[in-house]
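Q: My questions will all concern the structure given below.
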Amino acid sequence: MDFRIRQLQCFLTLSDLLNYGRTARALYMSQPTITFQIKSLEEAFGVKLFERDRQQVRLTDAGFAFREFAQAIIDTVDAAQECLSGLHARLRLRVSCGPVGQFILLPAVIRTLAAEYPEFELEVSELTTEQQMSRLQEGKVDALLMVGALPVKGLRFDPICRETLVAMVSRRSPLAIGRSISVQELRTTSVIASRAKDCRFHQPFLHSLLSPFGITPRIVESPQSCSVQFAYAAAGEGLAITTESMTVCSFPDVVALPFAEPLPELQLGLAAMETNESSAMTIFRKVVTECAEAALERRVIHLQSAQTASPATMFSEQRQAS
(Lines give C-alpha, C1' and ligand atoms only; values in the text may rest on other atoms or scores of the structure.)
Protein backbone atom coordinates (compact mmCIF):
# COMPACT_ATOMS: atom_id res chain seq x y z
CA MET A 1 0.00 0.00 0.00
CA ASP A 2 1.41 3.34 -1.05
CA PHE A 3 -0.40 6.66 -0.81
CA ARG A 4 0.44 10.27 0.00
CA ILE A 5 -1.09 12.96 2.19
CA ARG A 6 -1.73 15.04 -0.91
CA GLN A 7 -3.87 12.25 -2.35
CA LEU A 8 -5.97 12.22 0.83
CA GLN A 9 -6.42 15.99 0.58
CA CYS A 10 -7.60 15.61 -3.01
CA PHE A 11 -9.97 12.83 -2.00
CA LEU A 12 -11.52 14.78 0.89
CA THR A 13 -11.94 17.97 -1.14
CA LEU A 14 -13.52 16.09 -4.03
CA SER A 15 -15.82 14.21 -1.65
CA ASP A 16 -17.04 17.59 -0.36
CA LEU A 17 -17.40 19.39 -3.69
CA LEU A 18 -18.21 16.39 -5.93
CA ASN A 19 -16.83 18.33 -8.87
CA TYR A 20 -13.40 17.86 -10.40
CA GLY A 21 -13.16 21.40 -11.76
CA ARG A 22 -14.03 23.11 -8.47
CA THR A 23 -11.74 20.72 -6.60
CA ALA A 24 -8.85 21.63 -8.89
CA ARG A 25 -9.47 25.34 -8.33
CA ALA A 26 -9.76 24.91 -4.55
CA LEU A 27 -6.43 23.11 -4.38
CA TYR A 28 -4.68 25.24 -7.02
CA MET A 29 -4.06 22.16 -9.12
CA SER A 30 -4.99 21.14 -12.66
CA GLN A 31 -8.01 18.92 -13.23
CA PRO A 32 -5.89 16.12 -14.81
CA THR A 33 -3.71 16.17 -11.71
CA ILE A 34 -6.75 15.69 -9.49
CA THR A 35 -7.88 12.81 -11.70
CA PHE A 36 -4.41 11.23 -11.49
CA GLN A 37 -4.25 11.59 -7.68
CA ILE A 38 -7.66 9.97 -7.19
CA LYS A 39 -6.85 7.14 -9.60
CA SER A 40 -3.54 6.50 -7.83
CA LEU A 41 -5.30 6.38 -4.47
CA GLU A 42 -7.88 3.92 -5.80
CA GLU A 43 -5.11 1.71 -7.19
CA ALA A 44 -3.29 1.81 -3.85
CA PHE A 45 -6.36 0.48 -1.99
CA GLY A 46 -7.73 -1.64 -4.82
CA VAL A 47 -11.20 -0.10 -4.65
CA LYS A 48 -13.20 2.47 -6.58
CA LEU A 49 -13.89 5.57 -4.46
CA PHE A 50 -15.96 7.67 -6.90
CA GLU A 51 -18.54 7.02 -9.59
CA ARG A 52 -18.38 9.59 -12.38
CA ASP A 53 -20.58 10.23 -15.40
CA ARG A 54 -21.39 13.28 -17.49
CA GLN A 55 -23.98 14.55 -15.02
CA GLN A 56 -22.40 14.03 -11.62
CA VAL A 57 -19.66 12.70 -9.35
CA ARG A 58 -20.65 10.66 -6.31
CA LEU A 59 -18.95 8.62 -3.63
CA THR A 60 -19.11 4.82 -3.78
CA ASP A 61 -19.79 2.79 -0.66
CA ALA A 62 -16.03 2.30 -0.36
CA GLY A 63 -15.59 6.07 -0.72
CA PHE A 64 -18.04 6.75 2.10
CA ALA A 65 -16.26 4.22 4.32
CA PHE A 66 -12.84 5.57 3.47
CA ARG A 67 -13.78 9.20 4.11
CA GLU A 68 -13.77 8.78 7.90
CA PHE A 69 -10.32 7.19 7.87
CA ALA A 70 -8.91 9.79 5.49
CA GLN A 71 -10.18 12.63 7.68
CA ALA A 72 -8.68 10.99 10.79
CA ILE A 73 -5.29 10.71 9.05
CA ILE A 74 -5.35 14.36 7.96
CA ASP A 75 -6.40 15.49 11.45
CA THR A 76 -3.54 13.50 12.97
CA VAL A 77 -1.02 14.99 10.54
CA ASP A 78 -2.29 18.51 11.27
CA ALA A 79 -2.04 17.89 15.03
CA ALA A 80 1.48 16.54 14.65
CA GLN A 81 2.52 19.56 12.60
CA GLU A 82 1.04 21.95 15.17
CA CYS A 83 2.77 20.11 18.01
CA LEU A 84 6.16 20.08 16.29
CA SER A 85 5.84 23.73 15.32
CA GLY A 86 5.08 24.53 18.96
CA LEU A 87 8.12 22.59 20.12
CA HIS A 88 10.33 24.54 17.72
CA ALA A 89 8.99 27.85 18.95
CA ARG A 90 8.91 26.90 22.64
CA LEU A 91 11.40 28.70 24.85
CA ARG A 92 13.15 25.80 26.54
CA LEU A 93 16.80 25.45 27.51
CA ARG A 94 18.87 22.86 29.37
CA VAL A 95 21.84 24.26 31.28
CA SER A 96 24.53 23.16 33.69
CA CYS A 97 26.50 25.50 35.93
CA GLY A 98 29.94 25.88 37.42
CA PRO A 99 30.12 26.98 41.08
CA VAL A 100 29.96 30.72 40.33
CA GLY A 101 27.07 30.19 37.97
CA GLN A 102 25.19 27.97 40.40
CA PHE A 103 25.63 29.98 43.59
CA ILE A 104 26.03 33.56 42.35
CA LEU A 105 24.31 34.00 38.99
CA LEU A 106 21.65 31.30 38.65
CA PRO A 107 19.18 32.70 41.23
CA ALA A 108 19.10 36.08 39.46
CA VAL A 109 18.76 34.42 36.05
CA ILE A 110 15.82 32.29 37.23
CA ARG A 111 14.09 35.33 38.77
CA THR A 112 14.57 37.42 35.62
CA LEU A 113 13.32 34.71 33.29
CA ALA A 114 10.25 34.15 35.48
CA ALA A 115 9.45 37.86 35.52
CA GLU A 116 10.20 38.77 31.90
CA TYR A 117 9.66 35.47 30.05
CA PRO A 118 7.11 33.45 32.09
CA GLU A 119 6.80 30.90 29.28
CA PHE A 120 10.54 30.14 29.40
CA GLU A 121 11.35 26.59 30.58
CA LEU A 122 14.80 26.31 32.19
CA GLU A 123 16.06 22.86 33.06
CA VAL A 124 19.16 22.86 35.28
CA SER A 125 21.43 19.82 35.70
CA GLU A 126 24.28 19.38 38.16
CA LEU A 127 27.06 17.68 36.19
CA THR A 128 30.78 17.13 36.42
CA THR A 129 33.00 18.87 33.90
CA GLU A 130 33.43 15.65 31.94
CA GLN A 131 29.66 15.16 31.79
CA GLN A 132 29.17 18.79 30.75
CA MET A 133 31.55 18.42 27.83
CA SER A 134 30.08 15.16 26.55
CA ARG A 135 26.43 16.18 26.89
CA LEU A 136 27.02 19.57 25.31
CA GLN A 137 28.48 17.90 22.21
CA GLU A 138 25.70 15.29 22.18
CA GLY A 139 23.03 17.99 22.30
CA LYS A 140 21.75 16.83 25.69
CA VAL A 141 22.72 20.15 27.32
CA ASP A 142 22.32 23.52 25.58
CA ALA A 143 24.55 25.81 27.63
CA LEU A 144 27.13 25.89 30.42
CA LEU A 145 26.99 28.86 32.75
CA MET A 146 30.06 30.51 34.30
CA VAL A 147 32.67 28.01 33.22
CA GLY A 148 35.99 28.44 31.46
CA ALA A 149 36.49 27.91 27.75
CA LEU A 150 36.54 24.14 27.22
CA PRO A 151 38.36 22.26 24.44
CA VAL A 152 35.18 21.39 22.56
CA LYS A 153 35.11 21.65 18.78
CA GLY A 154 32.50 24.12 17.55
CA LEU A 155 32.12 25.78 20.96
CA ARG A 156 31.05 29.40 21.28
CA PHE A 157 32.39 30.99 24.46
CA ASP A 158 31.05 34.37 25.58
CA PRO A 159 33.32 35.89 28.26
CA ILE A 160 31.41 37.31 31.22
CA CYS A 161 33.92 38.19 33.92
CA ARG A 162 37.44 37.63 35.16
CA GLU A 163 37.77 36.20 38.66
CA THR A 164 40.51 36.62 41.27
CA LEU A 165 41.51 33.44 43.11
CA VAL A 166 41.18 33.15 46.89
CA ALA A 167 41.75 30.40 49.45
CA MET A 168 39.05 28.78 51.55
CA VAL A 169 40.58 27.53 54.81
CA SER A 170 39.17 25.99 57.95
CA ARG A 171 38.11 28.51 60.58
CA ARG A 172 40.06 26.38 63.07
CA SER A 173 43.28 26.59 61.05
CA PRO A 174 46.08 28.90 62.25
CA LEU A 175 46.02 30.34 58.72
CA ALA A 176 42.53 31.74 59.37
CA ILE A 177 43.80 34.47 61.71
CA GLY A 178 45.76 36.22 58.95
CA ARG A 179 44.56 38.98 56.64
CA SER A 180 45.88 37.04 53.66
CA ILE A 181 47.66 33.84 52.81
CA SER A 182 50.97 33.36 51.03
CA VAL A 183 51.30 30.90 48.20
CA GLN A 184 54.34 29.60 50.07
CA GLU A 185 51.98 28.08 52.65
CA LEU A 186 51.05 25.56 49.97
CA ARG A 187 54.45 23.90 50.37
CA THR A 188 53.10 22.34 53.56
CA THR A 189 49.32 22.70 53.17
CA SER A 190 47.34 20.30 51.00
CA VAL A 191 45.09 21.57 48.23
CA ILE A 192 41.66 20.05 47.67
CA ALA A 193 41.01 19.21 44.01
CA SER A 194 38.42 17.43 41.91
CA ARG A 195 38.94 13.79 41.06
CA ALA A 196 40.46 13.32 37.63
CA LYS A 197 37.46 11.27 36.51
CA ASP A 198 35.20 14.26 37.23
CA CYS A 199 37.43 16.95 35.75
CA ARG A 200 40.64 16.30 33.85
CA PHE A 201 41.64 20.00 34.08
CA HIS A 202 41.52 20.88 37.79
CA GLN A 203 44.65 19.14 39.03
CA PRO A 204 46.80 20.18 36.02
CA PHE A 205 45.54 23.75 36.54
CA LEU A 206 46.71 23.73 40.17
CA HIS A 207 50.12 22.41 39.13
CA SER A 208 50.50 25.12 36.46
CA LEU A 209 49.28 27.77 38.93
CA LEU A 210 51.90 26.90 41.54
CA SER A 211 54.83 25.81 39.38
CA PRO A 212 56.11 29.41 38.89
CA PHE A 213 56.62 29.48 42.67
CA GLY A 214 58.51 26.19 42.61
CA ILE A 215 55.66 24.41 44.42
CA THR A 216 54.25 21.00 43.61
CA PRO A 217 50.84 20.88 45.29
CA ARG A 218 49.92 18.05 47.57
CA ILE A 219 46.51 17.08 46.21
CA VAL A 220 43.61 15.81 48.28
CA GLU A 221 41.03 14.44 45.85
CA SER A 222 37.34 14.98 46.43
CA PRO A 223 34.12 14.98 44.41
CA GLN A 224 33.82 18.02 42.14
CA SER A 225 30.94 19.54 44.11
CA CYS A 226 31.97 22.93 45.45
CA SER A 227 30.04 22.37 48.68
CA VAL A 228 31.79 19.05 49.27
CA GLN A 229 35.21 20.60 48.67
CA PHE A 230 34.45 23.40 51.13
CA ALA A 231 33.34 20.74 53.63
CA TYR A 232 36.74 19.08 53.21
CA ALA A 233 38.37 22.45 53.85
CA ALA A 234 36.20 23.06 56.93
CA ALA A 235 37.29 19.64 58.23
CA GLY A 236 40.94 20.66 57.93
CA GLU A 237 41.77 18.27 55.09
CA GLY A 238 43.42 21.09 53.16
CA LEU A 239 42.44 24.39 51.59
CA ALA A 240 40.28 24.95 48.54
CA ILE A 241 41.21 27.49 45.87
CA THR A 242 38.13 29.19 44.51
CA THR A 243 37.01 32.45 42.95
CA GLU A 244 36.44 35.74 44.75
CA SER A 245 32.73 35.72 43.89
CA MET A 246 32.18 32.69 46.08
CA THR A 247 33.10 34.70 49.20
CA VAL A 248 29.64 36.32 49.19
CA CYS A 249 28.17 32.90 50.00
CA SER A 250 27.99 31.55 53.53
CA PHE A 251 29.70 28.20 54.10
CA PRO A 252 30.04 26.86 57.66
CA ASP A 253 33.48 26.80 59.29
CA VAL A 254 35.50 28.18 56.37
CA VAL A 255 37.20 31.54 55.97
CA ALA A 256 38.07 33.19 52.66
CA LEU A 257 41.55 34.67 52.40
CA PRO A 258 43.11 36.59 49.52
CA PHE A 259 46.52 35.48 48.31
CA ALA A 260 49.40 37.81 49.15
CA GLU A 261 50.99 37.15 45.77
CA PRO A 262 49.30 38.08 42.49
CA LEU A 263 47.91 35.00 40.73
CA PRO A 264 46.45 34.66 37.25
CA GLU A 265 42.75 35.44 37.03
CA LEU A 266 40.15 33.03 35.69
CA GLN A 267 38.04 33.97 32.68
CA LEU A 268 34.50 32.68 33.14
CA GLY A 269 31.65 32.86 30.70
CA LEU A 270 28.76 31.22 28.91
CA ALA A 271 29.51 28.22 26.69
CA ALA A 272 27.25 26.81 23.99
CA MET A 273 27.64 25.17 20.61
CA GLU A 274 27.94 27.58 17.68
CA THR A 275 25.09 25.78 15.93
CA ASN A 276 22.64 26.64 18.71
CA GLU A 277 20.90 29.74 17.37
CA SER A 278 17.51 29.16 18.99
CA SER A 279 15.36 31.96 20.35
CA ALA A 280 15.72 30.46 23.81
CA MET A 281 19.52 30.62 23.58
CA THR A 282 19.41 34.25 22.44
CA ILE A 283 17.16 35.24 25.33
CA PHE A 284 19.21 33.26 27.85
CA ARG A 285 22.45 34.87 26.69
CA LYS A 286 20.92 38.34 27.06
CA VAL A 287 19.54 37.64 30.54
CA VAL A 288 22.82 36.11 31.73
CA THR A 289 24.78 39.16 30.58
CA GLU A 290 22.41 41.56 32.32
CA CYS A 291 22.39 39.54 35.55
CA ALA A 292 26.18 39.21 35.53
CA GLU A 293 26.59 42.98 35.25
CA ALA A 294 24.18 43.53 38.14
CA ALA A 295 25.89 40.83 40.23
CA LEU A 296 29.26 42.49 39.68
CA GLU A 297 27.90 45.80 40.94
CA ARG A 298 26.43 44.13 44.03
CA ARG A 299 29.69 42.33 44.72
CA VAL A 300 31.66 45.56 44.64
CA ILE A 301 29.24 47.10 47.15
CA HIS A 302 29.38 43.98 49.33
CA LEU A 303 33.17 43.92 49.39
CA GLN A 304 33.37 47.62 50.17
CA SER A 305 31.02 47.26 53.14
CA ALA A 306 32.76 44.09 54.31
CA GLN A 307 36.15 45.76 54.50
CA THR A 308 35.26 47.39 57.80
CA ALA A 309 33.77 44.20 59.26
CA SER A 310 36.08 41.36 58.23
CA PRO A 311 39.76 41.82 57.37
CA ALA A 312 39.76 38.50 55.55
CA THR A 313 37.54 39.94 52.85
CA MET A 314 39.67 42.99 52.04
CA PHE A 315 40.54 41.67 48.58
CA SER A 316 40.49 44.79 46.44
CA GLU A 317 42.97 46.91 48.37
CA GLN A 318 45.35 44.01 48.92
CA ARG A 319 45.31 43.07 45.24
CA GLN A 320 46.12 46.66 44.32
CA ALA A 321 48.90 46.84 46.89
CA SER A 322 50.45 43.61 45.64
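Following the order of the C-alpha coordinates, chains are lettered A, B, ..., residues in each are numbered from 1, and ligands are numbered from 1.
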Need to verify the contact set: Glu126 (chain A), 9 Å, only C-alpha atoms, exclusion of same-chain residues closer than 4 positions in sequence. Can you return it as a ChimeraX atom specification?
A: /A:95-98,102,132,225
Q: Using N, CA, C and O atoms, can you export the residues from the last selection as an mmCIF file, in the first residue's frame?
A:
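Okay, part33.cif is ready:
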data_model
loop_
_atom_site.group_PDB
_atom_site.id
_atom_site.type_symbol
_atom_site.label_atom_id
_atom_site.label_comp_id
_atom_site.auth_asym_id
_atom_site.auth_seq_id
_atom_site.Cartn_x
_atom_site.Cartn_y
_atom_site.Cartn_z
ATOM 1 N N VAL A 95 20.548 23.676 30.929
ATOM 2 C CA VAL A 95 21.835 24.256 31.278
ATOM 3 C C VAL A 95 22.466 23.485 32.438
ATOM 4 O O VAL A 95 21.787 22.801 33.202
ATOM 5 N N SER A 96 23.778 23.648 32.542
ATOM 6 C CA SER A 96 24.527 23.164 33.693
ATOM 7 C C SER A 96 25.480 24.274 34.108
ATOM 8 O O SER A 96 25.945 25.042 33.272
ATOM 9 N N CYS A 97 25.749 24.354 35.409
ATOM 10 C CA CYS A 97 26.500 25.501 35.928
ATOM 11 C C CYS A 97 27.776 25.079 36.641
ATOM 12 O O CYS A 97 27.832 24.036 37.298
ATOM 13 N N GLY A 98 28.796 25.954 36.537
ATOM 14 C CA GLY A 98 29.941 25.876 37.416
ATOM 15 C C GLY A 98 29.561 26.489 38.753
ATOM 16 O O GLY A 98 28.458 27.016 38.919
ATOM 17 N N GLN A 102 26.216 28.589 39.575
ATOM 18 C CA GLN A 102 25.193 27.973 40.402
ATOM 19 C C GLN A 102 24.850 28.820 41.625
ATOM 20 O O GLN A 102 23.682 29.045 41.934
ATOM 21 N N GLN A 132 29.549 17.571 31.460
ATOM 22 C CA GLN A 132 29.168 18.794 30.748
ATOM 23 C C GLN A 132 29.687 18.776 29.323
ATOM 24 O O GLN A 132 28.958 19.072 28.368
ATOM 25 N N SER A 225 31.877 18.609 43.491
ATOM 26 C CA SER A 225 30.936 19.536 44.109
ATOM 27 C C SER A 225 31.660 20.575 44.955
ATOM 28 O O SER A 225 32.473 20.243 45.826
#
Q: Give the alpha helix (DSSP H) residues of region 186-267 of chain A, as DSSP finds them on the backbone, and put them as number ranges by chain.
A: A: 202-210, 226-234
Q: Expressed in Å to a single decimal, how great is the separation between CA of Glu82 (chain A) and CA of Ala280 (chain A)?
A: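 Atom-to-atom, CA of Glu82 (chain A) to CA of Ala280 (chain A), that is 19.0 Å.
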Q: Nearest to Ser180 (chain A) among A:Val288, A:Leu165, A:Val228, A:Met146, with distances taken over only C-alpha atoms: which residue is it?
A: A:Leu165
Q: Please determine, counting only C-alpha atoms, which residue among A:Thr188, A:Gln203, A:Glu123, A:Ala256 has the shortest atom-to-atom distance to Ser170 (chain A).
A: A:Ala256
